[in-house]
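Asker: So here's data01.txt (compact mmCIF, C-alpha atoms).
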# COMPACT_ATOMS: atom_id res chain seq x y z
CA MET T 28 140.45 123.01 83.79
CA ALA T 29 140.45 120.98 86.95
CA SER T 30 140.43 123.03 90.11
CA THR T 31 143.12 122.43 92.70
CA ALA T 32 141.79 121.54 96.09
CA PHE T 33 143.12 123.48 99.05
CA VAL T 34 145.16 121.19 101.27
CA ALA T 35 146.56 121.67 104.70
CA SER T 36 150.23 122.55 104.95
CA PRO T 37 152.45 119.70 106.19
CA ALA T 38 153.88 122.14 108.64
CA ARG T 39 150.56 122.19 110.46
CA VAL T 40 149.16 118.65 110.09
CA ALA T 41 150.64 115.50 111.48
CA PRO T 42 151.63 112.67 109.07
CA GLY T 43 148.96 110.48 110.55
CA GLY T 44 146.25 112.80 109.11
CA ALA T 45 142.90 113.26 110.82
CA GLY T 46 143.65 116.97 111.11
CA LYS T 47 145.78 116.49 114.18
CA LYS T 48 148.06 119.48 114.70
CA GLU T 49 151.63 119.24 115.92
CA THR T 50 153.91 121.59 117.77
CA PRO T 51 156.82 123.13 115.84
CA LEU T 52 159.31 120.76 117.54
CA LYS T 53 157.41 117.61 116.52
CA PHE T 54 156.98 118.94 113.00
CA ALA T 55 160.74 119.38 112.67
CA ALA T 56 161.33 115.72 113.58
CA HIS T 57 158.90 114.40 110.93
CA SER T 58 160.01 116.75 108.16
CA LYS T 59 161.27 115.12 104.95
CA ASN T 60 164.44 117.23 105.19
CA ALA T 61 165.07 116.29 108.77
CA GLY T 62 168.14 114.16 107.94
CA LYS T 63 169.75 116.49 105.46
CA MET T 64 172.51 118.86 106.37
CA ASP T 65 172.93 122.49 105.42
CA ARG T 66 176.09 124.48 104.83
CA PHE T 67 175.15 127.14 107.40
CA ILE T 68 172.78 125.17 109.59
CA PRO T 69 174.41 121.85 110.57
CA ASN T 70 171.18 120.24 111.73
CA ARG T 71 167.70 121.59 111.00
CA SER T 72 166.15 119.42 113.69
CA ALA T 73 168.08 121.46 116.21
CA SER T 74 166.92 124.77 114.67
CA ASN T 75 163.17 125.39 114.79
CA LEU T 76 162.53 128.49 112.65
CA ASP T 77 158.92 128.87 113.73
CA VAL T 78 159.88 128.93 117.38
CA ALA T 79 162.74 131.33 116.71
CA SER T 80 160.45 133.72 114.83
CA TYR T 81 157.88 133.64 117.65
CA VAL T 82 160.45 134.27 120.38
CA SER T 83 162.04 137.09 118.37
CA ARG T 84 158.68 138.80 117.86
CA GLU T 85 157.81 138.52 121.55
CA SER T 86 161.11 140.07 122.58
CA ARG T 87 160.65 142.95 120.15
CA ASP T 88 157.11 143.60 121.49
CA LEU T 89 158.35 143.55 125.06
CA GLU T 90 161.17 145.98 124.27
CA TYR T 91 158.70 148.31 122.48
CA LYS T 92 156.36 148.33 125.47
CA LYS T 93 159.24 149.18 127.80
CA GLN T 94 160.35 152.09 125.61
CA LEU T 95 156.76 153.37 125.29
CA ALA T 96 156.23 153.24 129.05
CA ALA T 97 159.48 155.07 129.65
CA ASN T 98 158.52 157.85 127.22
CA LEU T 99 155.13 158.23 128.92
CA GLY T 100 156.68 158.40 132.36
CA GLN T 101 155.15 155.13 133.50
CA ASP T 102 156.75 152.24 135.26
CA GLY T 103 156.10 148.67 134.21
CA SER T 104 153.34 148.10 136.77
CA ALA T 105 151.35 151.26 136.07
CA ARG T 106 148.02 151.10 134.27
CA ILE T 107 147.27 154.07 132.04
CA LEU T 108 143.80 155.60 132.61
CA ALA T 109 143.13 153.18 135.45
CA PHE T 110 139.94 154.29 137.23
CA LYS T 111 140.83 153.19 140.76
CA GLN T 112 144.53 153.96 140.70
CA LYS T 113 146.00 157.38 141.40
CA ALA T 114 148.44 158.93 138.97
CA PRO T 115 152.03 158.06 139.89
CA ALA T 116 154.08 160.68 141.64
CA PRO T 117 156.76 162.38 139.53
CA PRO T 118 160.35 161.36 140.08
CA GLU T 119 162.06 163.13 142.94
CA GLY T 120 163.79 166.32 141.87
CA LEU T 121 161.88 166.59 138.57
CA ASP T 122 161.92 170.14 137.19
CA ASN T 123 158.96 170.67 134.86
CA PRO T 124 159.66 173.65 132.56
CA MET T 125 155.92 173.94 131.74
CA ALA T 126 154.84 174.47 135.35
CA SER T 127 154.88 178.26 135.02
CA LEU T 128 152.48 178.06 132.09
CA TYR T 129 149.72 176.61 134.26
CA THR T 130 150.34 178.69 137.39
CA ALA T 131 150.90 182.15 135.87
CA ASN T 132 147.19 183.10 135.96
CA ALA T 133 146.24 181.20 139.09
CA GLY T 134 145.05 183.78 141.61
CA PRO T 135 143.75 183.29 145.13
CA LYS T 136 140.54 181.29 145.31
CA VAL T 137 137.52 183.42 146.19
CA LYS T 138 134.86 181.69 148.21
CA LYS T 139 131.42 182.25 146.72
CA THR T 140 129.13 184.01 149.17
CA PHE T 141 125.35 184.10 149.06
CA ARG T 142 123.47 187.29 149.86
CA ALA T 143 121.20 187.04 152.87
CA VAL T 144 117.63 187.96 151.95
CA PRO T 145 115.38 189.12 154.84
CA GLN T 146 112.35 186.86 155.12
CA GLN T 147 110.12 189.31 157.01
CA PRO T 148 108.69 192.64 155.80
CA ASP T 149 110.21 195.83 157.19
CA ARG T 150 106.82 197.50 157.43
CA ILE T 151 103.13 196.76 156.93
CA LEU T 152 100.47 199.30 155.95
CA ASP T 153 96.74 198.67 155.98
CA ALA T 154 95.09 199.37 152.61
CA PRO T 155 91.32 198.95 153.09
CA ASP T 156 89.12 198.64 150.00
CA LEU T 157 91.97 197.75 147.67
CA VAL T 158 90.12 196.35 144.65
CA ASP T 159 90.80 192.65 144.04
CA ASP T 160 91.00 192.77 140.24
CA TYR T 161 93.88 191.09 138.41
CA TYR T 162 93.61 193.39 135.37
CA LEU T 163 94.11 196.70 137.21
CA ASN T 164 97.32 198.55 138.11
CA LEU T 165 96.81 200.37 141.40
CA LEU T 166 100.30 200.91 142.87
CA ASP T 167 103.39 202.93 141.89
CA TRP T 168 106.46 204.35 143.64
CA GLY T 169 107.65 207.72 142.33
CA SER T 170 111.11 209.23 142.05
CA ASN T 171 110.13 211.64 144.86
CA ASN T 172 109.97 208.61 147.23
CA ALA T 173 106.18 208.81 147.45
CA ILE T 174 103.91 205.81 146.92
CA ALA T 175 100.63 206.29 145.08
CA VAL T 176 97.98 203.69 145.81
CA ALA T 177 94.35 203.53 144.70
CA LEU T 178 91.80 202.31 147.25
CA ASN T 179 88.52 201.93 145.39
CA GLN T 180 87.48 205.54 144.59
CA THR T 181 90.40 207.36 146.24
CA VAL T 182 94.09 207.85 145.43
CA TYR T 183 96.42 208.30 148.40
CA LEU T 184 100.04 209.43 148.49
CA TRP T 185 102.25 208.01 151.23
CA ASN T 186 105.64 209.66 151.73
CA ALA T 187 108.16 206.89 152.40
CA SER T 188 110.65 209.35 153.94
CA SER T 189 108.36 211.05 156.47
CA GLY T 190 105.42 208.65 156.69
CA ASP T 191 102.93 211.44 155.85
CA ILE T 192 99.68 210.44 154.12
CA GLN T 193 97.86 212.70 151.68
CA GLU T 194 94.63 212.21 149.77
CA LEU T 195 95.16 213.14 146.13
CA MET T 196 91.73 212.67 144.56
CA LEU T 197 88.30 211.09 144.85
CA VAL T 198 85.97 209.98 142.05
CA GLN T 199 82.21 210.22 142.43
CA GLY T 200 79.25 207.91 141.92
CA ASP T 201 79.85 204.32 140.93
CA ASP T 202 83.21 205.03 139.31
CA TYR T 203 86.48 203.71 140.73
CA ILE T 204 90.19 204.04 140.06
CA THR T 205 91.58 201.46 137.62
CA SER T 206 95.21 202.52 137.06
CA LEU T 207 97.88 205.04 138.07
CA SER T 208 101.47 205.84 137.16
CA TRP T 209 104.05 208.41 138.29
CA ALA T 210 105.78 210.57 135.70
CA ALA T 211 109.58 210.47 135.72
CA ASP T 212 109.81 213.92 137.36
CA GLY T 213 108.01 212.73 140.50
CA LYS T 214 105.66 215.71 140.36
CA HIS T 215 102.79 214.42 138.26
CA VAL T 216 100.59 211.34 138.51
CA ALA T 217 98.45 209.88 135.72
CA VAL T 218 95.20 208.33 136.95
CA GLY T 219 92.85 206.14 134.92
CA ALA T 220 89.26 205.48 135.94
CA SER T 221 86.41 203.14 135.16
CA ASN T 222 84.58 205.95 133.31
CA SER T 223 87.21 205.78 130.48
CA LEU T 224 88.81 209.09 131.56
CA THR T 225 92.52 209.61 132.21
CA GLN T 226 93.65 212.59 134.28
CA ILE T 227 97.04 214.21 134.95
CA TRP T 228 97.40 215.46 138.53
CA ASP T 229 99.91 217.80 140.16
CA ALA T 230 101.00 215.80 143.21
CA GLU T 231 102.40 218.78 145.11
CA ARG T 232 99.28 220.95 144.82
CA CYS T 233 96.81 218.03 144.61
CA LYS T 234 95.11 219.61 141.60
CA PRO T 235 94.17 218.16 138.19
CA ILE T 236 96.09 219.56 135.23
CA ARG T 237 94.19 218.10 132.29
CA ASN T 238 91.83 215.37 131.14
CA LEU T 239 92.69 212.86 128.41
CA ASN T 240 89.79 211.27 126.53
CA GLY T 241 89.79 208.68 123.79
CA HIS T 242 88.84 205.34 125.32
CA ALA T 243 85.37 203.82 125.28
CA ALA T 244 85.85 201.70 128.43
CA ARG T 245 87.89 201.67 131.62
CA VAL T 246 91.59 202.57 131.45
CA SER T 247 93.39 199.65 133.07
CA SER T 248 97.08 200.32 132.27
CA LEU T 249 99.37 203.34 131.96
CA SER T 250 103.01 203.92 131.02
CA TRP T 251 105.10 207.08 130.58
CA ASN T 252 107.78 207.74 127.97
CA GLN T 253 108.98 211.29 128.70
CA HIS T 254 106.11 213.55 127.55
CA ILE T 255 104.19 210.64 125.97
CA LEU T 256 101.62 208.85 128.11
CA SER T 257 100.40 205.51 126.77
CA THR T 258 97.05 204.22 127.99
CA GLY T 259 95.52 200.78 127.55
CA GLY T 260 91.83 200.09 127.99
CA ARG T 261 89.15 197.46 128.09
CA ASP T 262 88.22 198.56 124.58
CA SER T 263 91.43 196.73 123.44
CA LEU T 264 93.03 200.00 122.28
CA ILE T 265 96.34 201.59 123.16
CA LEU T 266 96.47 205.39 122.86
CA ASN T 267 99.62 207.50 122.88
CA HIS T 268 99.01 210.98 124.33
CA ASP T 269 101.37 213.93 124.00
CA VAL T 270 100.50 215.75 127.22
CA ARG T 271 102.09 219.02 125.98
CA VAL T 272 99.65 219.72 123.13
CA ARG T 273 95.92 220.30 122.81
CA GLU T 274 95.29 217.47 120.31
CA HIS T 275 96.93 214.96 122.58
CA ILE T 276 96.28 211.63 120.80
CA THR T 277 99.29 211.06 118.56
CA ALA T 278 98.78 207.35 117.80
CA THR T 279 96.13 204.66 118.16
CA LEU T 280 97.59 201.16 118.38
CA ARG T 281 95.29 198.29 117.36
CA GLY T 282 96.25 194.68 117.75
CA HIS T 283 94.73 193.33 120.93
CA GLU T 284 91.33 191.71 120.94
CA GLN T 285 90.51 192.12 124.64
CA GLU T 286 91.44 194.34 127.59
CA VAL T 287 95.01 195.69 127.65
CA CYS T 288 96.07 194.96 131.24
CA GLY T 289 99.85 195.32 130.94
CA LEU T 290 101.76 198.26 129.44
CA LYS T 291 105.47 199.14 129.79
CA TRP T 292 107.86 201.36 127.84
CA SER T 293 111.46 200.16 127.64
CA PRO T 294 113.95 202.25 129.68
CA ASN T 295 115.47 203.72 126.49
CA GLY T 296 112.03 204.64 125.16
CA THR T 297 112.37 202.82 121.84
CA GLN T 298 109.89 199.96 122.38
CA LEU T 299 106.52 199.52 124.08
CA ALA T 300 105.39 196.15 125.44
CA SER T 301 101.70 195.44 125.90
CA GLY T 302 99.92 192.43 127.34
CA GLY T 303 96.25 191.62 127.13
CA ASN T 304 93.47 189.40 128.38
CA ASP T 305 93.59 187.78 124.92
CA ASN T 306 96.84 186.03 126.00
CA LEU T 307 98.82 188.14 123.53
CA LEU T 308 102.10 189.97 124.01
CA MET T 309 102.79 192.82 121.57
CA ILE T 310 106.05 194.67 120.97
CA TRP T 311 105.65 198.11 119.36
CA ASP T 312 108.34 200.42 118.01
CA ALA T 313 108.03 204.03 119.14
CA ALA T 314 107.49 205.35 115.60
CA ALA T 315 105.14 202.61 114.35
CA ASP T 316 101.42 202.00 114.66
CA ARG T 317 101.67 198.27 113.94
CA PRO T 318 103.23 195.69 116.28
CA THR T 319 106.79 194.65 115.47
CA HIS T 320 106.17 191.28 117.13
CA ARG T 321 102.93 189.49 117.99
CA ILE T 322 103.78 186.78 120.50
CA THR T 323 101.36 184.00 121.43
CA ALA T 324 103.55 182.06 123.87
CA HIS T 325 101.31 182.53 126.94
CA GLN T 326 98.16 180.55 127.62
CA ALA T 327 96.47 183.16 129.86
CA ALA T 328 96.26 186.91 130.36
CA VAL T 329 99.61 188.74 130.22
CA LYS T 330 99.69 191.47 132.86
CA ALA T 331 103.16 191.18 134.42
CA LEU T 332 105.78 192.97 132.27
CA ALA T 333 109.33 193.96 133.26
CA TRP T 334 112.16 195.30 131.09
CA CYS T 335 115.65 194.15 132.08
CA PRO T 336 117.83 197.01 133.43
CA PHE T 337 121.12 195.49 132.22
CA GLN T 338 120.04 194.21 128.75
CA SER T 339 117.88 196.60 126.77
CA ASN T 340 116.21 194.01 124.52
CA LEU T 341 115.31 191.53 127.29
CA LEU T 342 111.70 191.46 128.47
CA ALA T 343 110.25 189.27 131.23
CA THR T 344 106.52 188.47 131.13
CA GLY T 345 104.19 186.55 133.42
CA GLY T 346 100.96 184.71 132.65
CA GLY T 347 97.74 184.24 134.57
CA THR T 348 96.20 181.23 136.28
CA ALA T 349 95.97 178.99 133.21
CA ASP T 350 99.58 179.76 132.24
CA ARG T 351 101.62 180.24 135.45
CA THR T 352 104.88 180.78 133.59
CA ILE T 353 107.56 183.47 133.47
CA LYS T 354 108.94 183.88 129.97
CA PHE T 355 111.92 185.81 128.64
CA HIS T 356 111.88 187.40 125.17
CA ASN T 357 114.39 189.01 122.85
CA THR T 358 112.35 192.01 121.73
CA HIS T 359 114.60 192.70 118.72
CA THR T 360 113.98 189.30 117.15
CA GLY T 361 110.81 188.22 118.96
CA ALA T 362 112.52 184.98 120.04
CA LEU T 363 111.46 183.17 123.22
CA LEU T 364 114.64 182.73 125.27
CA ASN T 365 113.38 180.79 128.29
CA SER T 366 110.24 179.76 130.13
CA ILE T 367 109.71 178.42 133.66
CA ASP T 368 106.57 177.12 135.32
CA THR T 369 106.09 178.87 138.67
CA GLY T 370 103.12 176.77 139.74
CA SER T 371 100.77 179.71 140.34
CA GLN T 372 99.34 182.86 138.78
CA VAL T 373 102.03 185.48 138.03
CA CYS T 374 100.68 188.90 139.00
CA SER T 375 103.70 191.21 138.82
CA LEU T 376 107.45 191.27 138.07
CA GLN T 377 110.34 193.50 139.18
CA TRP T 378 114.02 193.31 138.18
CA ASN T 379 116.75 193.90 140.77
CA ARG T 380 118.95 196.82 139.65
CA HIS T 381 121.94 195.71 141.75
CA GLU T 382 121.99 191.97 141.07
CA ARG T 383 120.95 189.74 138.19
CA GLU T 384 117.73 188.79 139.93
CA LEU T 385 114.00 188.90 139.24
CA LEU T 386 111.18 189.18 141.77
CA SER T 387 107.74 187.77 141.02
CA SER T 388 104.46 187.97 142.94
CA HIS T 389 101.87 185.22 142.86
CA GLY T 390 98.33 184.21 143.62
CA PHE T 391 96.77 180.96 144.82
CA SER T 392 97.85 178.83 146.55
CA GLN T 393 100.74 180.36 148.52
CA ASN T 394 100.32 184.08 147.65
CA GLN T 395 104.09 184.45 147.86
CA LEU T 396 106.90 186.53 146.39
CA CYS T 397 109.72 184.60 144.71
CA LEU T 398 113.22 185.91 144.09
CA TRP T 399 114.95 184.22 141.14
CA LYS T 400 118.58 184.24 140.01
CA TYR T 401 118.94 185.11 136.33
CA PRO T 402 119.62 183.40 133.95
CA SER T 403 119.68 180.08 135.85
CA MET T 404 116.26 180.85 137.40
CA ALA T 405 117.32 179.17 140.62
CA LYS T 406 115.07 180.30 143.46
CA VAL T 407 117.03 182.55 145.83
CA ALA T 408 114.25 183.20 148.36
CA GLU T 409 110.53 182.86 148.90
CA LEU T 410 108.77 185.60 150.87
CA THR T 411 105.47 184.79 152.52
CA GLY T 412 103.05 186.72 154.69
CA HIS T 413 100.22 187.84 152.42
CA THR T 414 97.02 185.86 152.79
CA SER T 415 95.57 186.68 149.35
CA ARG T 416 97.07 187.04 145.90
CA VAL T 417 99.81 189.65 145.59
CA LEU T 418 98.46 191.84 142.79
CA HIS T 419 101.02 194.65 142.56
CA LEU T 420 104.73 195.35 143.05
CA ALA T 421 106.61 198.66 143.01
CA GLN T 422 110.29 199.46 143.59
CA SER T 423 111.85 202.29 145.59
CA PRO T 424 113.86 204.97 143.74
CA ASP T 425 117.15 203.60 145.10
CA GLY T 426 116.22 200.05 144.07
CA THR T 427 116.67 198.52 147.53
CA THR T 428 113.07 198.01 148.66
CA VAL T 429 109.96 196.56 147.05
CA VAL T 430 106.41 197.24 148.19
CA SER T 431 103.73 194.64 147.52
CA ALA T 432 99.97 195.20 147.50
CA ALA T 433 97.66 192.24 147.92
CA ALA T 434 93.98 191.45 148.00
CA ASP T 435 94.31 190.97 151.78
CA GLU T 436 94.26 194.82 151.89
CA THR T 437 97.82 195.27 153.11
CA LEU T 438 101.01 196.82 151.74
CA ARG T 439 104.23 195.11 152.77
CA PHE T 440 107.75 196.49 152.37
CA TRP T 441 110.56 194.03 151.63
CA SER T 442 114.31 194.76 151.66
CA CYS T 443 114.91 191.89 149.26
CA PHE T 444 117.11 193.58 146.65
CA GLY T 445 119.97 194.58 148.92
CA GLU T 446 122.07 197.73 148.98
CA PRO T 447 123.89 199.12 145.93
CA ALA T 448 127.69 199.10 145.96
CA GLY T 449 129.11 201.64 148.43
CA ALA T 450 125.81 202.33 150.15
CA ALA T 451 126.47 200.33 153.33
CA ALA T 452 128.53 203.07 154.95
CA SER T 453 125.97 205.78 154.28
CA LYS T 454 123.19 203.58 155.60
CA ALA T 455 125.08 203.00 158.84
CA ALA T 456 125.31 206.76 159.37
CA LYS T 457 121.52 207.16 159.47
CA PRO T 458 119.90 207.50 162.89
CA ALA T 459 118.77 204.26 164.43
CA ALA T 460 115.40 205.75 165.22
CA ALA T 461 114.57 206.08 161.55
CA ALA T 462 115.23 202.40 160.99
CA SER T 463 113.20 201.27 163.99
CA SER T 464 110.21 203.39 162.96
CA MET T 465 109.84 201.30 159.78
CA MET T 466 108.33 198.47 161.77
CA ARG T 467 105.23 200.41 162.73
CA SER T 468 101.94 199.22 161.23
CA VAL T 469 100.00 202.17 159.85
CA ASN T 470 96.58 202.53 158.32
CA ILE T 471 97.02 204.35 155.02
CA ARG T 472 93.84 206.33 155.54
Spit out the file's structure as structure tokens when you get a sec.
Answerer:
Amino acid sequence: MASTAFVASPARVAPGGAGKKETPLKFAAHSKNAGKMDRFIPNRSASNLDVASYVSRESRDLEYKKQLAANLGQDGSARILAFKQKAPAPPEGLDNPMASLYTANAGPKVKKTFRAVPQQPDRILDAPDLVDDYYLNLLDWGSNNAIAVALNQTVYLWNASSGDIQELMLVQGDDYITSLSWAADGKHVAVGASNSLTQIWDAERCKPIRNLNGHAARVSSLSWNQHILSTGGRDSLILNHDVRVREHITATLRGHEQEVCGLKWSPNGTQLASGGNDNLLMIWDAAADRPTHRITAHQAAVKALAWCPFQSNLLATGGGTADRTIKFHNTHTGALLNSIDTGSQVCSLQWNRHERELLSSHGFSQNQLCLWKYPSMAKVAELTGHTSRVLHLAQSPDGTTVVSAAADETLRFWSCFGEPAGAAASKAAKPAAAASSMMRSVNIR
């Protein structure tokens, strides 16, 4: 069967051929029906259907555009979503029934204010012979408003209310103090030494209550959980001591491979966090002798540990010189929530109890304290003044002041956490002399 070739319509090609197109008017003149008449159309040459169809379609499109613009509240010259043109103003006298929907919850705008953080310390104390050892914990602030600090072989108590200094204890020979921690009652201090012995001291009478053995090397970290004292040593062990009973060791926790330099019980007493020189972070449940989570996120020793006061399962940790990061962990799941590079060794961490802020202390090269906003980790302030790495931080009982101890053998007091709500009036009632006396520089011994 022969195939039919496709040919051009005579309505589109001129009679002369050569593919020359004609306009609808010229086509009507050359049409074979041009001379014939029609009952309804007297003369087809005077009626171009193609042109009529085109004009009719254009008019319909124009009318549709006008109706669409009117429904959208636009005039004919407006461009919808134009980048450089402002939205047209509503017609005068327009009453929008939906206006109340968008303004019902609109309150007065509150201007965001930023808390002023003092850049200078309130007070400086000399601390001669403070041991420059990253793995030790030589500073704590008790609930009785007394600071315990270890200076080589001696532990001193400095009363932050009166400024009185008291010598608590002295070790003999070549031994030195490696750790200390106040009990929650503010009456007893636990002291660890390089001879592997841990002692409980009565701070009011300056007398030892009992000795706790069990380690084979120096005791470098301590943490209380009510009547349980946890100790971490260079022998890589963590021992839980019940200080009320004769056989005091209730649990031996094995998991670290090197010295345990960081140890902190959670505020609710359900979990213990430990950090070691093996770059490991361990999370232990109170009733277990095996770690719930073994975290290897850090690349250097993990000494700085701080439990969040407003979220019980949030733990902040800091790494040493080869790591330089602050990391945040969910201790229920073991998940790493965030990590920031601080640029220098992280020695200690303290949460602000009144604001969502975290304070960190650092080593080389700036030996500074950094105040961070959580969770954005935007830097709120940077406190400088120490000339060597800031090894230890401790917080006052009211949570307003932080004391820092550095290898430059000074203690510096910083009012960086601000006052709790409603405390401004009571502070103003205090004598001015008490405030001015805080600027004295005192030798702690």
Asker: Have a look at atom CA of Gly302 of chain T and atom CA of Ala324 of chain T and let me know their distance in Å, one decimal.
Answerer: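 Taking atom CA of Gly302 of chain T and atom CA of Ala324 of chain T, their separation equals 11.5 Å.
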Asker: Would you mind telling me which residue in T:Gly120, T:Gly169, T:Gly361, T:Gly347 lies nearest to Leu418 of chain T when using only C-alpha atoms?
Answerer: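 Of the candidates, the smallest distance to Leu418 of chain T is held by T:Gly347.
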Asker: Extract, using all atoms listed in the file, all DNA, RNA and protein residues at most 9 Å from segment 217-229 of chain T, discarding same-chain residues fewer than 5 positions from it, and format them as a PDB file with C-alpha atoms, keeping the file's coordinate frame.
Answerer:
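So the final result, stored in part11.pdb, reads:
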ATOM      1  CA  GLN T 180      87.480 205.540 144.590  1.00  0.00           C
ATOM      2  CA  VAL T 182      94.090 207.850 145.430  1.00  0.00           C
ATOM      3  CA  LEU T 195      95.160 213.140 146.130  1.00  0.00           C
ATOM      4  CA  MET T 196      91.730 212.670 144.560  1.00  0.00           C
ATOM      5  CA  VAL T 198      85.970 209.980 142.050  1.00  0.00           C
ATOM      6  CA  ASP T 201      79.850 204.320 140.930  1.00  0.00           C
ATOM      7  CA  ASP T 202      83.210 205.030 139.310  1.00  0.00           C
ATOM      8  CA  TYR T 203      86.480 203.710 140.730  1.00  0.00           C
ATOM      9  CA  ILE T 204      90.190 204.040 140.060  1.00  0.00           C
ATOM     10  CA  THR T 205      91.580 201.460 137.620  1.00  0.00           C
ATOM     11  CA  SER T 206      95.210 202.520 137.060  1.00  0.00           C
ATOM     12  CA  LEU T 207      97.880 205.040 138.070  1.00  0.00           C
ATOM     13  CA  SER T 208     101.470 205.840 137.160  1.00  0.00           C
ATOM     14  CA  TRP T 209     104.050 208.410 138.290  1.00  0.00           C
ATOM     15  CA  ALA T 210     105.780 210.570 135.700  1.00  0.00           C
ATOM     16  CA  LYS T 234      95.110 219.610 141.600  1.00  0.00           C
ATOM     17  CA  PRO T 235      94.170 218.160 138.190  1.00  0.00           C
ATOM     18  CA  ILE T 236      96.090 219.560 135.230  1.00  0.00           C
ATOM     19  CA  ARG T 237      94.190 218.100 132.290  1.00  0.00           C
ATOM     20  CA  ASN T 238      91.830 215.370 131.140  1.00  0.00           C
ATOM     21  CA  LEU T 239      92.690 212.860 128.410  1.00  0.00           C
ATOM     22  CA  ASN T 240      89.790 211.270 126.530  1.00  0.00           C
ATOM     23  CA  GLY T 241      89.790 208.680 123.790  1.00  0.00           C
ATOM     24  CA  HIS T 242      88.840 205.340 125.320  1.00  0.00           C
ATOM     25  CA  ALA T 243      85.370 203.820 125.280  1.00  0.00           C
ATOM     26  CA  ALA T 244      85.850 201.700 128.430  1.00  0.00           C
ATOM     27  CA  ARG T 245      87.890 201.670 131.620  1.00  0.00           C
ATOM     28  CA  VAL T 246      91.590 202.570 131.450  1.00  0.00           C
ATOM     29  CA  SER T 247      93.390 199.650 133.070  1.00  0.00           C
ATOM     30  CA  SER T 248      97.080 200.320 132.270  1.00  0.00           C
ATOM     31  CA  LEU T 249      99.370 203.340 131.960  1.00  0.00           C
ATOM     32  CA  SER T 250     103.010 203.920 131.020  1.00  0.00           C
ATOM     33  CA  TRP T 251     105.100 207.080 130.580  1.00  0.00           C
ATOM     34  CA  LEU T 256     101.620 208.850 128.110  1.00  0.00           C
ATOM     35  CA  THR T 258      97.050 204.220 127.990  1.00  0.00           C
ATOM     36  CA  GLY T 260      91.830 200.090 127.990  1.00  0.00           C
ATOM     37  CA  ARG T 261      89.150 197.460 128.090  1.00  0.00           C
ATOM     38  CA  VAL T 270     100.500 215.750 127.220  1.00  0.00           C
TER      39      VAL T 270
END
Asker: Excluding Trp441 of chain T and any residue of its chain fewer than 3 positions from it, enumerate the residues within 6 Å of it, using only C-alpha atoms, and give them as a PyMOL selection string.
Answerer: chain T and resi 148-149+428-429
Asker: Which residue is closest to Thr297 of chain T? Choose from T:Val373, T:Pro336, T:Arg439, T:His359 and count all atoms listed in the file.
Answerer: T:His359
Asker: Hey, can you check how far atom CA of Gly296 of chain T sits from atom CA of Ala313 of chain T?
Answerer: 7.3 Å
Asker: In Å, how far is it from atom CA of Gly412 of chain T to atom CA of Leu332 of chain T?
Answerer: 23.4 Å
Asker: Quick one: everything within 9 Å of His320 of chain T, counting all atoms listed in the file, minus sequence neighbours fewer than 2 positions away in the same chain. Send it as a list of chain:residue names.
Answerer: T:Leu308, T:Met309, T:Ile310, T:Trp311, T:Arg317, T:Pro318, T:Ile322, T:Thr358, T:His359, T:Thr360, T:Gly361
Asker: Between T:Asp167, T:Ser366, T:Met404, T:His381, which residue has the minimum interatomic distance to Arg142 of chain T, considering all atoms listed in the file?
Answerer: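 When distances to Arg142 of chain T are compared using all atoms listed in the file, the smallest one comes from T:His381.
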Asker: I need every residue sitting at most 8 Å from the point (101.3, 192.6, 147.5) (coordinates as in the file, all atoms listed in the file considered), written as a list in words.
Answerer: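 So the residues meeting the distance criterion are Ser388, His413, Arg416, Val417, Leu418, His419, Leu420, Val430, Ser431, Ala432, Ala433, Ala434, Thr437, Leu438 and Arg439 of chain T.
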Asker: Could you check which of T:Ala331, T:Met125, T:Leu280, T:Ala187 is closest to Arg150 of chain T, using all atoms listed in the file?
Answerer: T:Ala187
Asker: Determine the nearest neighbour of His275 of chain T from the options T:Gln393, T:Thr411, T:Ser257, T:Thr323, counting all atoms listed in the file.
Answerer: T:Ser257
Asker: Can you sort out segment 433-437 of chain T so it carries N, CA, C and O atoms, written as an mmCIF file, in the frame of the given file?
Answerer:
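Wrote it out as result-v7.cif, contents follow:
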data_model
loop_
_atom_site.group_PDB
_atom_site.id
_atom_site.type_symbol
_atom_site.label_atom_id
_atom_site.label_comp_id
_atom_site.auth_asym_id
_atom_site.auth_seq_id
_atom_site.Cartn_x
_atom_site.Cartn_y
_atom_site.Cartn_z
ATOM 1 N N ALA T 433 98.384 193.490 148.108
ATOM 2 C CA ALA T 433 97.660 192.240 147.920
ATOM 3 C C ALA T 433 96.174 192.427 148.190
ATOM 4 O O ALA T 433 95.739 193.438 148.752
ATOM 5 N N ALA T 434 95.416 191.424 147.780
ATOM 6 C CA ALA T 434 93.980 191.450 148.000
ATOM 7 C C ALA T 434 93.611 191.276 149.465
ATOM 8 O O ALA T 434 92.433 191.411 149.823
ATOM 9 N N ASP T 435 94.597 191.000 150.343
ATOM 10 C CA ASP T 435 94.310 190.970 151.780
ATOM 11 C C ASP T 435 94.297 192.360 152.387
ATOM 12 O O ASP T 435 94.242 192.513 153.608
ATOM 13 N N GLU T 436 94.355 193.410 151.511
ATOM 14 C CA GLU T 436 94.260 194.820 151.890
ATOM 15 C C GLU T 436 95.425 195.264 152.774
ATOM 16 O O GLU T 436 95.254 196.001 153.739
ATOM 17 N N THR T 437 96.618 194.807 152.427
ATOM 18 C CA THR T 437 97.820 195.270 153.110
ATOM 19 C C THR T 437 98.901 195.603 152.079
ATOM 20 O O THR T 437 98.941 195.028 150.993
#
